[in-house]
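Undergrad: I am sharing entry07.cif, which consists of mmCIF, N, CA, C and O atoms:
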data_final
loop_
_atom_site.label_atom_id
_atom_site.label_comp_id
_atom_site.auth_asym_id
_atom_site.auth_seq_id
_atom_site.Cartn_x
_atom_site.Cartn_y
_atom_site.Cartn_z
N ILE I 145 -122.13 96.69 -80.84
CA ILE I 145 -120.79 96.89 -80.30
C ILE I 145 -119.91 95.74 -80.77
O ILE I 145 -120.31 94.61 -80.74
N ARG I 146 -118.71 96.07 -81.15
CA ARG I 146 -117.78 95.05 -81.63
C ARG I 146 -117.21 94.25 -80.47
O ARG I 146 -117.13 94.72 -79.34
N LYS I 147 -116.83 93.01 -80.74
CA LYS I 147 -116.34 92.10 -79.70
C LYS I 147 -115.12 92.66 -78.97
O LYS I 147 -115.00 92.53 -77.77
N LYS I 148 -114.23 93.31 -79.70
CA LYS I 148 -113.02 93.85 -79.07
C LYS I 148 -113.38 94.92 -78.05
O LYS I 148 -112.84 94.94 -76.95
N LYS I 149 -114.31 95.79 -78.40
CA LYS I 149 -114.73 96.84 -77.47
C LYS I 149 -115.42 96.24 -76.26
O LYS I 149 -115.24 96.68 -75.13
N GLN I 150 -116.25 95.20 -76.48
CA GLN I 150 -116.93 94.53 -75.37
C GLN I 150 -115.91 93.90 -74.44
O GLN I 150 -116.02 93.98 -73.23
N ARG I 151 -114.90 93.27 -75.02
CA ARG I 151 -113.86 92.62 -74.23
C ARG I 151 -113.13 93.65 -73.37
O ARG I 151 -112.91 93.44 -72.18
N GLU I 152 -112.74 94.78 -73.97
CA GLU I 152 -112.04 95.83 -73.23
C GLU I 152 -112.90 96.36 -72.09
O GLU I 152 -112.42 96.57 -70.98
N LYS I 153 -114.19 96.54 -72.34
CA LYS I 153 -115.10 97.03 -71.33
C LYS I 153 -115.22 96.04 -70.17
O LYS I 153 -115.18 96.41 -69.00
N LEU I 154 -115.37 94.75 -70.50
CA LEU I 154 -115.48 93.72 -69.47
C LEU I 154 -114.19 93.61 -68.65
O LEU I 154 -114.23 93.48 -67.43
N LEU I 155 -113.03 93.67 -69.33
CA LEU I 155 -111.76 93.61 -68.61
C LEU I 155 -111.60 94.80 -67.68
O LEU I 155 -111.13 94.66 -66.56
N LYS I 156 -112.02 95.96 -68.13
CA LYS I 156 -111.94 97.16 -67.30
C LYS I 156 -112.84 97.03 -66.07
O LYS I 156 -112.45 97.36 -64.96
N ASN I 157 -114.07 96.53 -66.26
CA ASN I 157 -114.99 96.35 -65.15
C ASN I 157 -114.46 95.35 -64.13
O ASN I 157 -114.58 95.56 -62.93
N ILE I 158 -113.89 94.27 -64.59
CA ILE I 158 -113.36 93.27 -63.67
C ILE I 158 -112.15 93.82 -62.94
O ILE I 158 -111.97 93.59 -61.77
N GLY I 159 -111.33 94.59 -63.63
CA GLY I 159 -110.14 95.17 -63.01
C GLY I 159 -110.47 96.16 -61.92
O GLY I 159 -109.70 96.37 -60.99
N SER I 160 -111.62 96.77 -61.98
CA SER I 160 -111.99 97.78 -60.98
C SER I 160 -113.03 97.25 -60.00
O SER I 160 -113.77 98.02 -59.41
N ALA I 161 -113.04 95.95 -59.79
CA ALA I 161 -114.03 95.34 -58.90
C ALA I 161 -113.73 95.56 -57.43
O ALA I 161 -114.57 95.29 -56.59
N GLY I 162 -112.54 96.02 -57.09
CA GLY I 162 -112.22 96.35 -55.71
C GLY I 162 -111.52 95.25 -54.95
O GLY I 162 -111.06 94.26 -55.52
N ILE I 163 -111.43 95.42 -53.63
CA ILE I 163 -110.70 94.51 -52.77
C ILE I 163 -111.27 93.10 -52.81
O ILE I 163 -110.54 92.12 -52.81
N ASN I 164 -112.58 92.97 -52.85
CA ASN I 164 -113.21 91.65 -52.84
C ASN I 164 -112.84 90.81 -54.05
O ASN I 164 -112.91 89.59 -53.99
N SER I 165 -112.47 91.45 -55.15
CA SER I 165 -112.13 90.69 -56.34
C SER I 165 -110.85 89.89 -56.14
O SER I 165 -110.64 88.88 -56.78
N LYS I 166 -109.97 90.34 -55.24
CA LYS I 166 -108.73 89.62 -54.99
C LYS I 166 -108.97 88.35 -54.19
O LYS I 166 -108.16 87.44 -54.21
N LYS I 167 -110.06 88.28 -53.47
CA LYS I 167 -110.38 87.11 -52.67
C LYS I 167 -110.78 85.93 -53.54
O LYS I 167 -110.57 84.79 -53.18
N LYS I 168 -111.38 86.21 -54.68
CA LYS I 168 -111.81 85.17 -55.61
C LYS I 168 -110.63 84.74 -56.46
O LYS I 168 -109.89 85.56 -56.97
N ALA I 169 -110.49 83.45 -56.64
CA ALA I 169 -109.47 82.95 -57.56
C ALA I 169 -110.11 82.93 -58.94
O ALA I 169 -111.03 82.17 -59.19
N ILE I 170 -109.62 83.78 -59.83
CA ILE I 170 -110.17 83.84 -61.18
C ILE I 170 -109.46 82.80 -62.03
O ILE I 170 -108.24 82.82 -62.16
N LYS I 171 -110.22 81.89 -62.56
CA LYS I 171 -109.65 80.88 -63.45
C LYS I 171 -109.60 81.47 -64.85
O LYS I 171 -110.49 82.21 -65.25
N ASN I 172 -108.56 81.11 -65.57
CA ASN I 172 -108.38 81.64 -66.92
C ASN I 172 -108.56 80.54 -67.95
O ASN I 172 -108.39 79.36 -67.66
N VAL I 173 -108.86 80.96 -69.17
CA VAL I 173 -108.95 80.06 -70.31
C VAL I 173 -107.83 80.47 -71.25
O VAL I 173 -107.68 81.64 -71.58
N GLU I 174 -107.02 79.51 -71.65
CA GLU I 174 -105.94 79.78 -72.59
C GLU I 174 -106.50 79.89 -73.99
O GLU I 174 -107.25 79.02 -74.44
N PHE I 175 -106.11 80.96 -74.69
CA PHE I 175 -106.47 81.15 -76.09
C PHE I 175 -105.20 81.17 -76.90
O PHE I 175 -104.18 81.68 -76.44
N ILE I 176 -105.25 80.61 -78.10
CA ILE I 176 -104.08 80.56 -78.97
C ILE I 176 -104.43 81.13 -80.34
O ILE I 176 -105.53 80.90 -80.85
N CYS I 177 -103.50 81.90 -80.89
CA CYS I 177 -103.70 82.49 -82.22
C CYS I 177 -103.45 81.42 -83.26
O CYS I 177 -102.46 80.69 -83.20
N ARG I 178 -104.33 81.32 -84.21
CA ARG I 178 -104.18 80.32 -85.28
C ARG I 178 -103.03 80.66 -86.22
O ARG I 178 -102.52 79.78 -86.91
N THR I 179 -102.63 81.94 -86.25
CA THR I 179 -101.59 82.36 -87.18
C THR I 179 -100.19 82.36 -86.55
O THR I 179 -99.29 81.70 -87.04
N CYS I 180 -100.03 83.09 -85.45
CA CYS I 180 -98.69 83.26 -84.86
C CYS I 180 -98.46 82.41 -83.61
O CYS I 180 -97.39 82.46 -83.02
N GLN I 181 -99.45 81.65 -83.17
CA GLN I 181 -99.38 80.78 -82.00
C GLN I 181 -99.13 81.53 -80.69
O GLN I 181 -98.68 80.95 -79.72
N GLU I 182 -99.44 82.82 -80.66
CA GLU I 182 -99.36 83.60 -79.42
C GLU I 182 -100.41 83.05 -78.46
O GLU I 182 -101.54 82.76 -78.86
N ILE I 183 -100.06 82.92 -77.18
CA ILE I 183 -100.99 82.41 -76.18
C ILE I 183 -101.35 83.53 -75.23
O ILE I 183 -100.49 84.30 -74.80
N GLU I 184 -102.64 83.64 -74.94
CA GLU I 184 -103.14 84.65 -74.01
C GLU I 184 -104.14 83.98 -73.07
O GLU I 184 -104.94 83.16 -73.49
N GLU I 185 -104.07 84.35 -71.81
CA GLU I 185 -105.03 83.83 -70.84
C GLU I 185 -106.11 84.88 -70.60
O GLU I 185 -105.80 86.04 -70.34
N ILE I 186 -107.35 84.46 -70.73
CA ILE I 186 -108.50 85.34 -70.56
C ILE I 186 -109.34 84.79 -69.42
O ILE I 186 -109.61 83.58 -69.38
N PRO I 187 -109.76 85.66 -68.48
CA PRO I 187 -110.57 85.17 -67.35
C PRO I 187 -111.81 84.40 -67.83
O PRO I 187 -112.49 84.81 -68.76
N LYS I 188 -112.06 83.28 -67.17
CA LYS I 188 -113.16 82.39 -67.56
C LYS I 188 -114.51 83.10 -67.51
O LYS I 188 -115.38 82.85 -68.34
N ASP I 189 -114.69 84.03 -66.56
CA ASP I 189 -115.95 84.78 -66.46
C ASP I 189 -116.21 85.57 -67.74
O ASP I 189 -117.35 85.64 -68.21
N ILE I 190 -115.18 86.17 -68.29
CA ILE I 190 -115.34 86.95 -69.53
C ILE I 190 -115.67 86.04 -70.70
O ILE I 190 -116.54 86.35 -71.52
N VAL I 191 -114.97 84.91 -70.78
CA VAL I 191 -115.24 83.96 -71.87
C VAL I 191 -116.68 83.48 -71.80
O VAL I 191 -117.37 83.41 -72.82
N LYS I 192 -117.17 83.19 -70.58
CA LYS I 192 -118.56 82.76 -70.42
C LYS I 192 -119.54 83.85 -70.86
O LYS I 192 -120.55 83.56 -71.49
N GLN I 193 -119.24 85.11 -70.52
CA GLN I 193 -120.12 86.21 -70.92
C GLN I 193 -120.19 86.32 -72.44
O GLN I 193 -121.25 86.54 -73.00
N PHE I 194 -119.04 86.18 -73.10
CA PHE I 194 -119.05 86.22 -74.56
C PHE I 194 -119.78 85.02 -75.14
O PHE I 194 -120.44 85.12 -76.16
N ASP I 195 -119.68 83.89 -74.48
CA ASP I 195 -120.38 82.69 -74.91
C ASP I 195 -121.89 82.91 -74.86
O ASP I 195 -122.63 82.52 -75.75
N VAL I 196 -122.35 83.58 -73.81
CA VAL I 196 -123.78 83.89 -73.66
C VAL I 196 -124.22 84.93 -74.69
O VAL I 196 -125.29 84.81 -75.29
N LEU I 197 -123.39 85.96 -74.91
CA LEU I 197 -123.74 87.05 -75.82
C LEU I 197 -123.77 86.61 -77.28
O LEU I 197 -124.49 87.19 -78.08
N ASP I 198 -122.97 85.61 -77.62
CA ASP I 198 -122.88 85.17 -79.01
C ASP I 198 -124.14 84.43 -79.41
O ASP I 198 -124.45 83.37 -78.89
N GLY I 199 -124.87 85.00 -80.34
CA GLY I 199 -126.11 84.39 -80.80
C GLY I 199 -125.93 83.53 -82.02
O GLY I 199 -126.90 83.03 -82.58
N GLY I 200 -124.68 83.30 -82.43
CA GLY I 200 -124.42 82.53 -83.64
C GLY I 200 -124.44 81.04 -83.42
O GLY I 200 -125.08 80.52 -82.50
N ASP I 201 -123.73 80.35 -84.27
CA ASP I 201 -123.66 78.89 -84.25
C ASP I 201 -122.96 78.42 -82.98
O ASP I 201 -121.82 78.78 -82.72
N PRO I 202 -123.63 77.59 -82.15
CA PRO I 202 -123.01 77.12 -80.91
C PRO I 202 -121.81 76.20 -81.15
O PRO I 202 -121.02 75.97 -80.25
N MET I 203 -121.64 75.70 -82.36
CA MET I 203 -120.48 74.85 -82.66
C MET I 203 -119.20 75.67 -82.82
O MET I 203 -118.11 75.14 -82.78
N ASP I 204 -119.35 76.99 -83.02
CA ASP I 204 -118.19 77.88 -83.11
C ASP I 204 -117.77 78.30 -81.72
O ASP I 204 -118.60 78.79 -80.94
N PRO I 205 -116.49 78.16 -81.37
CA PRO I 205 -116.04 78.55 -80.03
C PRO I 205 -115.98 80.07 -79.89
O PRO I 205 -115.95 80.79 -80.89
N PRO I 206 -115.94 80.56 -78.64
CA PRO I 206 -115.73 81.99 -78.44
C PRO I 206 -114.36 82.35 -79.03
O PRO I 206 -113.42 81.57 -78.93
N ARG I 207 -114.28 83.52 -79.65
CA ARG I 207 -113.02 83.93 -80.30
C ARG I 207 -112.68 85.35 -79.92
O ARG I 207 -113.56 86.18 -79.68
N PHE I 208 -111.39 85.63 -79.90
CA PHE I 208 -110.89 86.96 -79.64
C PHE I 208 -109.86 87.30 -80.70
O PHE I 208 -109.41 86.42 -81.45
N SER I 209 -109.47 88.56 -80.77
CA SER I 209 -108.43 88.99 -81.71
C SER I 209 -107.07 88.95 -81.04
O SER I 209 -106.93 89.36 -79.88
N CYS I 210 -106.08 88.51 -81.77
CA CYS I 210 -104.72 88.42 -81.27
C CYS I 210 -104.14 89.83 -81.14
O CYS I 210 -104.23 90.63 -82.07
N GLU I 211 -103.56 90.12 -79.98
CA GLU I 211 -102.94 91.43 -79.74
C GLU I 211 -101.70 91.61 -80.62
O GLU I 211 -101.35 92.71 -80.98
N ARG I 212 -101.05 90.52 -80.95
CA ARG I 212 -99.79 90.57 -81.68
C ARG I 212 -99.99 90.77 -83.19
O ARG I 212 -99.39 91.65 -83.78
N CYS I 213 -100.85 89.94 -83.80
CA CYS I 213 -100.99 90.00 -85.27
C CYS I 213 -102.39 90.40 -85.73
O CYS I 213 -102.60 90.64 -86.91
N GLY I 214 -103.37 90.40 -84.81
CA GLY I 214 -104.72 90.81 -85.17
C GLY I 214 -105.61 89.72 -85.73
O GLY I 214 -106.78 89.96 -86.03
N ASN I 215 -105.09 88.51 -85.85
CA ASN I 215 -105.89 87.41 -86.37
C ASN I 215 -106.68 86.73 -85.26
O ASN I 215 -106.65 87.15 -84.11
N GLU I 216 -107.37 85.67 -85.61
CA GLU I 216 -108.30 84.99 -84.70
C GLU I 216 -107.60 84.12 -83.66
O GLU I 216 -106.68 83.37 -83.97
N MET I 217 -108.07 84.25 -82.41
CA MET I 217 -107.60 83.38 -81.32
C MET I 217 -108.76 82.48 -80.92
O MET I 217 -109.90 82.93 -80.82
N VAL I 218 -108.45 81.20 -80.69
CA VAL I 218 -109.45 80.22 -80.26
C VAL I 218 -109.00 79.60 -78.94
O VAL I 218 -107.81 79.61 -78.63
N PRO I 219 -109.94 79.07 -78.16
CA PRO I 219 -109.53 78.46 -76.89
C PRO I 219 -108.73 77.18 -77.12
O PRO I 219 -109.05 76.40 -78.01
N VAL I 220 -107.69 76.97 -76.29
CA VAL I 220 -106.93 75.73 -76.36
C VAL I 220 -107.85 74.60 -75.89
O VAL I 220 -107.95 73.56 -76.53
N TYR I 221 -108.56 74.82 -74.77
CA TYR I 221 -109.55 73.87 -74.28
C TYR I 221 -110.60 74.65 -73.51
O TYR I 221 -110.27 75.43 -72.62
N TYR I 222 -111.87 74.45 -73.85
CA TYR I 222 -112.95 75.16 -73.18
C TYR I 222 -114.24 74.37 -73.31
O TYR I 222 -114.56 73.87 -74.39
N LYS I 223 -114.96 74.25 -72.21
CA LYS I 223 -116.28 73.61 -72.22
C LYS I 223 -117.32 74.73 -72.10
O LYS I 223 -117.35 75.46 -71.11
N SER I 224 -118.16 74.87 -73.12
CA SER I 224 -119.13 75.96 -73.18
C SER I 224 -120.27 75.77 -72.20
O SER I 224 -120.44 74.69 -71.63
N ILE I 225 -121.08 76.81 -72.06
CA ILE I 225 -122.24 76.73 -71.17
C ILE I 225 -123.28 75.74 -71.70
O ILE I 225 -124.10 75.25 -70.94
N GLN I 226 -123.22 75.44 -73.01
CA GLN I 226 -124.12 74.44 -73.60
C GLN I 226 -123.56 73.03 -73.46
O GLN I 226 -124.18 72.06 -73.88
N GLY I 227 -122.35 72.90 -72.90
CA GLY I 227 -121.73 71.59 -72.72
C GLY I 227 -120.87 71.14 -73.88
O GLY I 227 -120.37 70.02 -73.89
N ILE I 228 -120.65 72.00 -74.87
CA ILE I 228 -119.83 71.66 -76.02
C ILE I 228 -118.37 71.86 -75.65
O ILE I 228 -117.99 72.89 -75.11
N VAL I 229 -117.53 70.87 -75.95
CA VAL I 229 -116.11 70.95 -75.65
C VAL I 229 -115.36 71.36 -76.91
O VAL I 229 -115.49 70.74 -77.97
N TYR I 230 -114.58 72.43 -76.78
CA TYR I 230 -113.72 72.92 -77.87
C TYR I 230 -112.29 72.56 -77.50
O TYR I 230 -111.77 73.06 -76.50
N ASP I 231 -111.67 71.70 -78.25
CA ASP I 231 -110.31 71.25 -77.95
C ASP I 231 -109.42 71.57 -79.15
O ASP I 231 -109.47 70.90 -80.18
N ASN I 232 -108.60 72.60 -79.00
CA ASN I 232 -107.65 72.99 -80.03
C ASN I 232 -106.22 72.81 -79.55
O ASN I 232 -105.33 73.54 -79.92
N SER I 233 -106.03 71.81 -78.69
CA SER I 233 -104.70 71.60 -78.10
C SER I 233 -103.65 71.23 -79.14
O SER I 233 -102.46 71.39 -78.89
N GLU I 234 -104.09 70.75 -80.29
CA GLU I 234 -103.13 70.41 -81.36
C GLU I 234 -102.43 71.65 -81.90
O GLU I 234 -101.36 71.55 -82.49
N LEU I 235 -103.00 72.84 -81.70
CA LEU I 235 -102.37 74.08 -82.15
C LEU I 235 -101.22 74.50 -81.24
O LEU I 235 -100.34 75.24 -81.65
N LYS I 236 -101.25 74.01 -80.01
CA LYS I 236 -100.22 74.37 -79.04
C LYS I 236 -99.02 73.45 -79.23
O LYS I 236 -99.14 72.24 -79.16
N LYS I 237 -97.88 74.04 -79.46
CA LYS I 237 -96.67 73.24 -79.72
C LYS I 237 -95.87 73.07 -78.47
O LYS I 237 -95.76 73.83 -77.63
#
In structure tokens, what does this structure look like?

TA:
Amino acid sequence: IRKKKQREKLLKNIGSAGINSKKKAIKNVEFICRTCQEIEEIPKDIVKQFDVLDGGDPMDPPRFSCERCGNEMVPVYYKSIQGIVYDNSELKK
């Protein structure tokens, strides 16, 4: 399954979690597009799930596709489940 489809499925599942989901404060992770600098907030739970699912190089941060231009989005700041810190704050103007 492609990452975009997995993301849509996870977002749909979280959106239909019911009344109890509103009681939890969902923290978001800011992602920024390397090309157009579009910023999108993605729930931290989803980012963690993708971090777990990704069997590749742990030095590569979780990535998503930009809704605006279709290019790669990376986290502005994120600490992975392995303890690796990804800091791309220099991309944010």

Undergrad: Figure out the distance between atom C of Asp201 (chain I) and atom C of Cys213 (chain I), please, to one decimal in Å.

TA: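 It comes out at 24.0 Å.
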
Undergrad: May I have a table of the residues of region 165-201 of chain I lying at most 10 Å from region 207-210 of chain I, giving each one's closest pair of atoms and their distance in Å to one decimal, counting only C-alpha atoms, ordered by chain and ascending residue number, as a tab-separated table?

TA:
residue	atom	partner	partner_atom	distance
I:Phe175	CA	I:Phe208	CA	8.1
I:Ile176	CA	I:Cys210	CA	8.2
I:Cys177	CA	I:Cys210	CA	6.1
I:Arg178	CA	I:Cys210	CA	9.1
I:Thr179	CA	I:Cys210	CA	9.0
I:Cys180	CA	I:Cys210	CA	8.7
I:Gln181	CA	I:Cys210	CA	9.3
I:Glu182	CA	I:Cys210	CA	7.4
I:Ile183	CA	I:Cys210	CA	8.7
I:Glu184	CA	I:Cys210	CA	8.3
I:Ile186	CA	I:Phe208	CA	9.5
I:Val191	CA	I:Arg207	CA	8.7
I:Phe194	CA	I:Arg207	CA	8.6
I:Asp195	CA	I:Arg207	CA	9.2

Undergrad: Choose the residue, out of I:Pro206, I:Glu174, I:Gln193, I:Lys237, that has the smallest atom-to-atom separation from Tyr221 (chain I); count only C-alpha atoms.

TA: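 Of all the options, I:Glu174 lies closest to Tyr221 (chain I).
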
Undergrad: Please, what distance in Å, to one decimal, runs between CA of Lys171 (chain I) and atom C of Gly227 (chain I)?

TA: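 Rounded to one decimal, the two atoms are 18.2 Å apart.
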
Undergrad: Any idea what's packed within 4.5 Å of Asp231 (chain I), counting all atoms listed in the file, ignoring anything in its chain fewer than 2 positions away? Could you give it as number ranges by chain?

TA: I: 220, 229, 233
